[in-house]
Amino acid sequence: MPREKVVFVCNVCGYEAYKWMGHCPECQGWNTIMEERIKNVNALKTPSPREPGELKELNEIKSSLEERFSTGIEELDRVLGGGVVPGTVILVGGDPGIGKSTLLLQAALGLASQDCDLIYVTGEESLSQVKMRADRLSLPQVSLKVLAETEYGRIAEQIEKNNPQVVVVDSIQAIMKSELGNVPGSVVQVREITASLTHLAKSRQITFFIIGHVTKEGAIAGPRLLEHMVDCVLYFEGERYQSFRILRSIKNRFGPTNEIGIFTMESSGLQEVQNPSALFLNQRPQNMPGSSVVPTMEGTRPLLVEIQALVTPSYFGGTPRRTSTGLDHNRAAIIIAVLEKRAGMQLFNCDIFINVVGGVKIMEPAADLGIALSIASSLRDKPLLEQTLIVGEIGLTGEVRPVSRIEERLREGLKMGFSRCIVPQGNISGNFLSNTKEIKKDLEIVSVATLTQALNIVFP
Ligand code: TYD
Ligand code: MG
């Protein structure tokens, strides 16, 4: 007779308690602890993830990094750090309907066309739905093994029998171990299944792509715990009503985490965007106050984005509104304070709204000067100097500090037809001057040391 057990699990952090509590002592969340019934406690014993440990010389261990393989989707490879490492578990999260299933089906078809042995497990759609989706994607027909199943045991059986190189699981919340209980997607289920899949991945060198839905708090449903268990976490994001989608790496044990991949959702599936700067700038208003263009670095790739600011009088007294999307709120507050103190602008009685166009998030301080000049431009209701890129970090005394990888940023600007760039004086050195000879033929480089200097240049 299997022993039943009732546990109380926090659905944010996975903390387990023996009685219900309104407040989770681990993650301090309120009302996050739920009751879960485990039908058979013995099923909880997940196998240890590796063979019994043996002592080895580090130099003698073979690295599987060299065996990276491509998914056939360049943007996905880039986000993974240059392809898939065998034996890793990759979690792809995102809101419902954003295109996770489409992305991974495309990747699966891409891999299958390179003769990669792959199983696509679908727990959410029927086989005919997967077929319809595959037909919609205008990709060459290839043979792909699809399994519509939600019971973990039967999925593991198929994997052990076929021993594929790659398995796609759509989605982790739809799969369950029925010996644990009958609710798929509960914290205990999600955690146990991920642990078992990780074990399979490591012991058989199988790569798993796992789809996970995102809860309204923005974490991958079930506990954050899941993110600790896997090797790589990717988020697929985008505005529901716009066609472009951004794939972002949140965690990667085998590559950088600042890379993004950019796609558009078309009627025939996801298309890779070859020239993202053009996509983000194509609807830019000409000669409007409050708009500036900044060359940012997204991982290894330069990207031109538009920053818009709107400054309006705050009529009702009280604290003025300060809203920013796509950038750090605190950073924006610092820039506003510097404008006020060092450039003498009166902003304390203004509402300020800042937006990075196109759903991109700018985390690097190199965009500071662009943000500041957008705000100044909106306040004065005067457009900035035309065809001008702006780059530079702002310090608290109003100085403009040098940024990294200036040449790549300038080249991207040149490619997109800009004729002038405002750069920090600190970036102009002997090395820079000799490296950028051919850029300077077509791009006027204006160097500034302070915010006030920059303001004088952009408002002629
Ligand atoms: P889907 O991959 O099912 O999203 P998820 O798995 O993240 O829930 O994609 C859902 C949306 O994408 C759906 O609203 C229809 C749209 N779509 C297209 O626009 N073109 C296509 O070729 C496909 C397959 C889907
Ligand atoms: Mg789906």
# chains A, B, ... in the order shown; residues from 1 in each chain; ligands from 1
>>> residues_near_ligand(ligand="ligand 2", cutoff="9 Å", atoms="only C-alpha atoms and all ligand atoms", output="ChimeraX atom specification")
/A:96-102,122,124-125,170-171,211,213
>>> write_last_selection(atoms="C-alpha atoms", output="PDB file, in the first residue's frame")
ATOM      1  CA  PRO A  96       1.370  31.846 -23.380  1.00  0.00           C
ATOM      2  CA  GLY A  97       1.003  32.459 -27.098  1.00  0.00           C
ATOM      3  CA  ILE A  98       4.354  34.190 -27.517  1.00  0.00           C
ATOM      4  CA  GLY A  99       5.729  31.478 -29.828  1.00  0.00           C
ATOM      5  CA  LYS A 100       7.668  29.007 -27.689  1.00  0.00           C
ATOM      6  CA  SER A 101       6.189  25.944 -29.340  1.00  0.00           C
ATOM      7  CA  THR A 102       6.757  27.459 -32.764  1.00  0.00           C
ATOM      8  CA  THR A 122       4.007  17.263 -26.840  1.00  0.00           C
ATOM      9  CA  GLU A 124      -0.325  20.146 -24.790  1.00  0.00           C
ATOM     10  CA  GLU A 125      -1.217  19.577 -28.404  1.00  0.00           C
ATOM     11  CA  ASP A 170       6.382  20.941 -24.588  1.00  0.00           C
ATOM     12  CA  SER A 171       5.677  21.785 -21.771  1.00  0.00           C
ATOM     13  CA  ILE A 211       9.225  24.687 -22.437  1.00  0.00           C
ATOM     14  CA  HIS A 213       5.064  28.805 -18.925  1.00  0.00           C
TER      15      HIS A 213
END
>>> residues_around(residues="segment 116-119 of chain A", least_positions_apart="2", cutoff="8 Å", atoms="only C-alpha atoms", output="MDAnalysis selection string")
chainID A and resid 108 111:114 121 144:147 159 164:168
>>> write_last_selection(atoms="N, CA, C and O atoms", output="short mmCIF file (atom, residue, chain, number, x, y, z; two decimals), in the first residue's frame")
data_model
loop_
_atom_site.label_atom_id
_atom_site.label_comp_id
_atom_site.auth_asym_id
_atom_site.auth_seq_id
_atom_site.Cartn_x
_atom_site.Cartn_y
_atom_site.Cartn_z
N ALA A 108 13.53 22.01 -33.90
CA ALA A 108 13.49 20.55 -34.03
C ALA A 108 13.58 20.14 -35.50
O ALA A 108 14.33 19.23 -35.86
N LEU A 111 17.10 20.75 -36.69
CA LEU A 111 18.03 19.72 -36.23
C LEU A 111 17.80 18.41 -36.97
O LEU A 111 18.74 17.73 -37.38
N ALA A 112 16.50 18.07 -37.17
CA ALA A 112 16.21 16.81 -37.85
C ALA A 112 16.72 16.82 -39.28
O ALA A 112 17.15 15.79 -39.81
N SER A 113 16.72 18.02 -39.89
CA SER A 113 17.21 18.07 -41.27
C SER A 113 18.73 17.87 -41.33
O SER A 113 19.29 17.60 -42.38
N GLN A 114 19.41 18.03 -40.18
CA GLN A 114 20.86 17.73 -40.15
C GLN A 114 21.11 16.32 -39.65
O GLN A 114 22.16 16.03 -39.08
N VAL A 121 8.32 15.81 -27.80
CA VAL A 121 7.25 15.34 -26.92
C VAL A 121 6.25 16.46 -26.72
O VAL A 121 6.62 17.56 -26.29
N LEU A 144 10.54 13.60 -38.46
CA LEU A 144 10.71 14.02 -37.08
C LEU A 144 9.83 13.11 -36.23
O LEU A 144 8.66 12.89 -36.55
N LYS A 145 10.40 12.56 -35.16
CA LYS A 145 9.60 11.68 -34.31
C LYS A 145 8.83 12.52 -33.30
O LYS A 145 9.42 13.30 -32.55
N VAL A 146 7.50 12.37 -33.29
CA VAL A 146 6.68 13.13 -32.37
C VAL A 146 5.96 12.18 -31.43
O VAL A 146 5.49 11.12 -31.83
N LEU A 147 5.88 12.55 -30.16
CA LEU A 147 5.21 11.72 -29.17
C LEU A 147 4.22 12.59 -28.41
O LEU A 147 4.60 13.59 -27.81
N ILE A 159 12.32 7.41 -24.47
CA ILE A 159 13.66 8.02 -24.58
C ILE A 159 14.72 6.94 -24.41
O ILE A 159 15.69 6.86 -25.17
N PRO A 164 17.73 9.16 -28.20
CA PRO A 164 17.95 10.28 -29.13
C PRO A 164 19.05 11.21 -28.64
O PRO A 164 19.48 11.11 -27.50
N GLN A 165 19.47 12.12 -29.54
CA GLN A 165 20.48 13.11 -29.13
C GLN A 165 19.80 14.31 -28.47
O GLN A 165 20.37 14.94 -27.60
N VAL A 166 18.60 14.62 -28.96
CA VAL A 166 17.90 15.81 -28.46
C VAL A 166 16.43 15.45 -28.19
O VAL A 166 15.83 14.69 -28.95
N VAL A 167 15.89 15.98 -27.08
CA VAL A 167 14.47 15.80 -26.79
C VAL A 167 13.87 17.18 -26.53
O VAL A 167 14.45 17.98 -25.79
N VAL A 168 12.73 17.46 -27.16
CA VAL A 168 12.02 18.71 -26.87
C VAL A 168 10.79 18.34 -26.05
O VAL A 168 10.06 17.43 -26.41
#
>>> closest_atom_pairs(of="chain A", to="ligand 1", cutoff="10 Å", atoms="only C-alpha atoms and all ligand atoms", output="JSON lines")
{"residue": "A:Val92", "atom": "CA", "partner": "ligand 1", "partner_atom_place_in_ligand_line": "7 (O)", "distance": 9.4}
{"residue": "A:Gly93", "atom": "CA", "partner": "ligand 1", "partner_atom_place_in_ligand_line": "7 (O)", "distance": 8.2}
{"residue": "A:Gly94", "atom": "CA", "partner": "ligand 1", "partner_atom_place_in_ligand_line": "7 (O)", "distance": 6.3}
{"residue": "A:Asp95", "atom": "CA", "partner": "ligand 1", "partner_atom_place_in_ligand_line": "7 (O)", "distance": 6.2}
{"residue": "A:Pro96", "atom": "CA", "partner": "ligand 1", "partner_atom_place_in_ligand_line": "8 (O)", "distance": 3.9}
{"residue": "A:Gly97", "atom": "CA", "partner": "ligand 1", "partner_atom_place_in_ligand_line": "8 (O)", "distance": 3.4}
{"residue": "A:Ile98", "atom": "CA", "partner": "ligand 1", "partner_atom_place_in_ligand_line": "7 (O)", "distance": 4.1}
{"residue": "A:Gly99", "atom": "CA", "partner": "ligand 1", "partner_atom_place_in_ligand_line": "2 (O)", "distance": 3.2}
{"residue": "A:Lys100", "atom": "CA", "partner": "ligand 1", "partner_atom_place_in_ligand_line": "7 (O)", "distance": 3.7}
{"residue": "A:Ser101", "atom": "CA", "partner": "ligand 1", "partner_atom_place_in_ligand_line": "6 (O)", "distance": 3.7}
{"residue": "A:Thr102", "atom": "CA", "partner": "ligand 1", "partner_atom_place_in_ligand_line": "2 (O)", "distance": 3.7}
{"residue": "A:Leu103", "atom": "CA", "partner": "ligand 1", "partner_atom_place_in_ligand_line": "2 (O)", "distance": 6.5}
{"residue": "A:Leu104", "atom": "CA", "partner": "ligand 1", "partner_atom_place_in_ligand_line": "2 (O)", "distance": 8.1}
{"residue": "A:Leu105", "atom": "CA", "partner": "ligand 1", "partner_atom_place_in_ligand_line": "2 (O)", "distance": 8.3}
{"residue": "A:Gln106", "atom": "CA", "partner": "ligand 1", "partner_atom_place_in_ligand_line": "24 (C)", "distance": 9.2}
{"residue": "A:Glu124", "atom": "CA", "partner": "ligand 1", "partner_atom_place_in_ligand_line": "6 (O)", "distance": 9.1}
{"residue": "A:Glu125", "atom": "CA", "partner": "ligand 1", "partner_atom_place_in_ligand_line": "3 (O)", "distance": 9.3}
{"residue": "A:Val130", "atom": "CA", "partner": "ligand 1", "partner_atom_place_in_ligand_line": "24 (C)", "distance": 9.3}
{"residue": "A:Met132", "atom": "CA", "partner": "ligand 1", "partner_atom_place_in_ligand_line": "24 (C)", "distance": 8.4}
{"residue": "A:Arg133", "atom": "CA", "partner": "ligand 1", "partner_atom_place_in_ligand_line": "24 (C)", "distance": 5.1}
{"residue": "A:Ala134", "atom": "CA", "partner": "ligand 1", "partner_atom_place_in_ligand_line": "24 (C)", "distance": 7.4}
{"residue": "A:Asp135", "atom": "CA", "partner": "ligand 1", "partner_atom_place_in_ligand_line": "24 (C)", "distance": 8.7}
{"residue": "A:Arg136", "atom": "CA", "partner": "ligand 1", "partner_atom_place_in_ligand_line": "22 (O)", "distance": 5.4}
{"residue": "A:Leu137", "atom": "CA", "partner": "ligand 1", "partner_atom_place_in_ligand_line": "22 (O)", "distance": 5.4}
{"residue": "A:Ser138", "atom": "CA", "partner": "ligand 1", "partner_atom_place_in_ligand_line": "22 (O)", "distance": 8.4}
{"residue": "A:Asp170", "atom": "CA", "partner": "ligand 1", "partner_atom_place_in_ligand_line": "6 (O)", "distance": 7.9}
{"residue": "A:Ser171", "atom": "CA", "partner": "ligand 1", "partner_atom_place_in_ligand_line": "6 (O)", "distance": 8.5}
{"residue": "A:Ile211", "atom": "CA", "partner": "ligand 1", "partner_atom_place_in_ligand_line": "6 (O)", "distance": 8.0}
{"residue": "A:Gly212", "atom": "CA", "partner": "ligand 1", "partner_atom_place_in_ligand_line": "7 (O)", "distance": 9.0}
{"residue": "A:His213", "atom": "CA", "partner": "ligand 1", "partner_atom_place_in_ligand_line": "7 (O)", "distance": 7.8}
{"residue": "A:Val214", "atom": "CA", "partner": "ligand 1", "partner_atom_place_in_ligand_line": "7 (O)", "distance": 9.8}
{"residue": "A:Phe236", "atom": "CA", "partner": "ligand 1", "partner_atom_place_in_ligand_line": "7 (O)", "distance": 8.1}
{"residue": "A:Glu237", "atom": "CA", "partner": "ligand 1", "partner_atom_place_in_ligand_line": "7 (O)", "distance": 9.3}
{"residue": "A:Arg240", "atom": "CA", "partner": "ligand 1", "partner_atom_place_in_ligand_line": "14 (O)", "distance": 8.6}
{"residue": "A:Tyr241", "atom": "CA", "partner": "ligand 1", "partner_atom_place_in_ligand_line": "14 (O)", "distance": 9.9}
{"residue": "A:Ser243", "atom": "CA", "partner": "ligand 1", "partner_atom_place_in_ligand_line": "19 (O)", "distance": 8.2}
{"residue": "A:Thr264", "atom": "CA", "partner": "ligand 1", "partner_atom_place_in_ligand_line": "19 (O)", "distance": 9.1}
{"residue": "A:Met265", "atom": "CA", "partner": "ligand 1", "partner_atom_place_in_ligand_line": "19 (O)", "distance": 5.3}
{"residue": "A:Glu266", "atom": "CA", "partner": "ligand 1", "partner_atom_place_in_ligand_line": "20 (N)", "distance": 5.0}
{"residue": "A:Ser267", "atom": "CA", "partner": "ligand 1", "partner_atom_place_in_ligand_line": "20 (N)", "distance": 3.9}
{"residue": "A:Ser268", "atom": "CA", "partner": "ligand 1", "partner_atom_place_in_ligand_line": "22 (O)", "distance": 3.9}
{"residue": "A:Gly269", "atom": "CA", "partner": "ligand 1", "partner_atom_place_in_ligand_line": "22 (O)", "distance": 3.2}
{"residue": "A:Leu270", "atom": "CA", "partner": "ligand 1", "partner_atom_place_in_ligand_line": "22 (O)", "distance": 6.7}
{"residue": "A:Gln271", "atom": "CA", "partner": "ligand 1", "partner_atom_place_in_ligand_line": "22 (O)", "distance": 9.5}
>>> write_last_selection(atoms="N, CA and C atoms", output="compact mmCIF listing (two decimals), in the first residue's frame")
# COMPACT_ATOMS: atom_id res chain seq x y z
N VAL A 92 13.08 26.96 -21.80
CA VAL A 92 12.63 28.11 -22.59
C VAL A 92 11.32 28.60 -21.99
N GLY A 93 11.33 29.78 -21.41
CA GLY A 93 10.13 30.30 -20.75
C GLY A 93 9.52 31.43 -21.55
N GLY A 94 8.27 31.74 -21.25
CA GLY A 94 7.62 32.86 -21.92
C GLY A 94 6.13 32.83 -21.69
N ASP A 95 5.48 33.96 -21.96
CA ASP A 95 4.03 34.04 -21.79
C ASP A 95 3.34 33.09 -22.75
N PRO A 96 2.11 32.69 -22.44
CA PRO A 96 1.37 31.85 -23.38
C PRO A 96 1.15 32.59 -24.70
N GLY A 97 1.30 31.87 -25.79
CA GLY A 97 1.00 32.46 -27.10
C GLY A 97 2.13 33.30 -27.68
N ILE A 98 3.29 33.32 -27.03
CA ILE A 98 4.35 34.19 -27.52
C ILE A 98 5.12 33.51 -28.66
N GLY A 99 5.07 32.18 -28.72
CA GLY A 99 5.73 31.48 -29.83
C GLY A 99 6.77 30.46 -29.40
N LYS A 100 6.69 29.98 -28.17
CA LYS A 100 7.67 29.01 -27.69
C LYS A 100 7.58 27.70 -28.47
N SER A 101 6.35 27.21 -28.63
CA SER A 101 6.19 25.94 -29.34
C SER A 101 6.66 26.08 -30.77
N THR A 102 6.35 27.23 -31.38
CA THR A 102 6.76 27.46 -32.76
C THR A 102 8.28 27.47 -32.87
N LEU A 103 8.93 28.19 -31.96
CA LEU A 103 10.40 28.28 -31.99
C LEU A 103 11.04 26.90 -31.88
N LEU A 104 10.54 26.11 -30.92
CA LEU A 104 11.20 24.82 -30.71
C LEU A 104 10.84 23.81 -31.78
N LEU A 105 9.65 23.95 -32.37
CA LEU A 105 9.34 23.05 -33.48
C LEU A 105 10.24 23.39 -34.67
N GLN A 106 10.46 24.70 -34.89
CA GLN A 106 11.37 25.09 -35.97
C GLN A 106 12.78 24.58 -35.71
N GLU A 124 0.74 19.14 -24.72
CA GLU A 124 -0.32 20.15 -24.79
C GLU A 124 -1.15 20.04 -26.06
N GLU A 125 -0.51 19.61 -27.14
CA GLU A 125 -1.22 19.58 -28.40
C GLU A 125 -1.32 18.14 -28.88
N VAL A 130 0.28 19.38 -34.03
CA VAL A 130 1.70 19.57 -34.30
C VAL A 130 1.95 19.51 -35.80
N MET A 132 -0.18 20.25 -38.15
CA MET A 132 -0.69 21.46 -38.80
C MET A 132 0.29 22.62 -38.64
N ARG A 133 0.88 22.69 -37.45
CA ARG A 133 1.84 23.77 -37.22
C ARG A 133 3.07 23.59 -38.12
N ALA A 134 3.53 22.35 -38.20
CA ALA A 134 4.70 22.07 -39.03
C ALA A 134 4.43 22.41 -40.49
N ASP A 135 3.18 22.15 -40.94
CA ASP A 135 2.85 22.46 -42.33
C ASP A 135 2.85 23.96 -42.59
N ARG A 136 2.46 24.70 -41.54
CA ARG A 136 2.41 26.16 -41.68
C ARG A 136 3.79 26.76 -41.85
N LEU A 137 4.77 26.18 -41.18
CA LEU A 137 6.13 26.69 -41.27
C LEU A 137 6.67 26.27 -42.62
N SER A 138 7.07 27.24 -43.41
CA SER A 138 7.49 26.85 -44.75
C SER A 138 8.91 26.30 -44.71
N ASP A 170 7.32 19.81 -24.54
CA ASP A 170 6.38 20.94 -24.59
C ASP A 170 5.13 20.56 -23.82
N SER A 171 4.87 20.97 -22.66
CA SER A 171 5.68 21.79 -21.77
C SER A 171 5.86 21.04 -20.45
N ILE A 211 10.01 23.45 -22.42
CA ILE A 211 9.23 24.69 -22.44
C ILE A 211 8.57 24.86 -21.08
N GLY A 212 8.60 26.08 -20.55
CA GLY A 212 7.94 26.36 -19.27
C GLY A 212 7.10 27.61 -19.41
N HIS A 213 5.89 27.59 -18.86
CA HIS A 213 5.06 28.80 -18.92
C HIS A 213 5.47 29.75 -17.82
N VAL A 214 5.15 30.99 -18.02
CA VAL A 214 5.51 32.00 -17.03
C VAL A 214 4.26 32.39 -16.25
N PHE A 236 11.53 34.01 -23.79
CA PHE A 236 11.07 34.47 -25.09
C PHE A 236 10.04 35.55 -24.81
N GLU A 237 10.31 36.77 -25.24
CA GLU A 237 9.42 37.86 -24.87
C GLU A 237 9.03 38.67 -26.09
N ARG A 240 2.48 41.28 -27.34
CA ARG A 240 1.54 40.39 -27.99
C ARG A 240 1.02 40.97 -29.31
N TYR A 241 0.90 42.30 -29.38
CA TYR A 241 0.29 42.89 -30.56
C TYR A 241 1.33 43.36 -31.57
N SER A 243 4.89 42.23 -33.92
CA SER A 243 5.33 40.96 -34.46
C SER A 243 6.72 40.56 -33.99
N THR A 264 10.89 37.87 -35.97
CA THR A 264 9.53 38.38 -36.15
C THR A 264 8.62 37.19 -36.36
N MET A 265 7.37 37.30 -35.85
CA MET A 265 6.40 36.22 -36.03
C MET A 265 5.60 36.50 -37.29
N GLU A 266 5.79 35.66 -38.28
CA GLU A 266 5.08 35.83 -39.55
C GLU A 266 4.03 34.74 -39.67
N SER A 267 3.27 34.80 -40.77
CA SER A 267 2.25 33.76 -40.91
C SER A 267 2.89 32.40 -41.18
N SER A 268 4.16 32.41 -41.61
CA SER A 268 4.83 31.12 -41.82
C SER A 268 5.88 30.87 -40.75
N GLY A 269 5.58 31.27 -39.53
CA GLY A 269 6.49 30.96 -38.43
C GLY A 269 7.44 32.10 -38.10
N LEU A 270 8.43 31.78 -37.27
CA LEU A 270 9.36 32.82 -36.82
C LEU A 270 10.46 33.02 -37.85
N GLN A 271 10.72 34.28 -38.17
CA GLN A 271 11.81 34.61 -39.10
C GLN A 271 12.91 35.30 -38.31
>>> residues_around(residues="Ala17 of chain A", least_positions_apart="5", cutoff="8 Å", atoms="only C-alpha atoms", output="list in words")
Val7, Phe8 and Val9 of chain A
>>> write_last_selection(atoms="N, CA, C and O atoms", output="PDB file, in the first residue's frame")
ATOM      1  N   VAL A   7       1.835  17.666   1.715  1.00  0.00           N
ATOM      2  CA  VAL A   7       2.873  18.672   1.992  1.00  0.00           C
ATOM      3  C   VAL A   7       2.315  20.046   1.629  1.00  0.00           C
ATOM      4  O   VAL A   7       1.374  20.168   0.863  1.00  0.00           O
ATOM      5  N   PHE A   8       2.923  21.043   2.221  1.00  0.00           N
ATOM      6  CA  PHE A   8       2.540  22.414   1.900  1.00  0.00           C
ATOM      7  C   PHE A   8       3.764  23.055   1.245  1.00  0.00           C
ATOM      8  O   PHE A   8       4.819  23.135   1.856  1.00  0.00           O
ATOM      9  N   VAL A   9       3.605  23.429  -0.017  1.00  0.00           N
ATOM     10  CA  VAL A   9       4.759  23.896  -0.793  1.00  0.00           C
ATOM     11  C   VAL A   9       4.532  25.328  -1.257  1.00  0.00           C
ATOM     12  O   VAL A   9       3.447  25.670  -1.707  1.00  0.00           O
TER      13      VAL A   9
END
>>> closest_residue(among="A:Ile406, A:Leu279, A:Glu160, A:Leu200", to="Asn431 of chain A", atoms="only C-alpha atoms")
A:Ile406
>>> closest_residue(among="A:Ile457, A:Phe418, A:Lys39, A:Asn163", to="Lys440 of chain A", atoms="only C-alpha atoms")
A:Phe418
>>> residues_around(residues="Ile307 of chain A", least_positions_apart="5", cutoff="7 Å", atoms="only C-alpha atoms", output="ChimeraX atom specification")
/A:291-293,355-357,371,374
>>> atom_distance(atom1="atom CA of Gln308 of chain A", atom2="atom CA of Ala333 of chain A")
15.5 Å
>>> residues_around(residues="Thr194 of chain A", least_positions_apart="3", cutoff="12 Å", atoms="only C-alpha atoms", output="ChimeraX atom specification")
/A:46,49,89-91,152,169,171-173,175-177,185,187-191,197-201,208-212,222-223,225-231
>>> residues_around(residues="Ala332 of chain A", least_positions_apart="4", cutoff="9 Å", atoms="only C-alpha atoms", output="VMD selection string")
chain A and resid 322 to 324 327 to 328 336 to 337 354 368 371 to 372
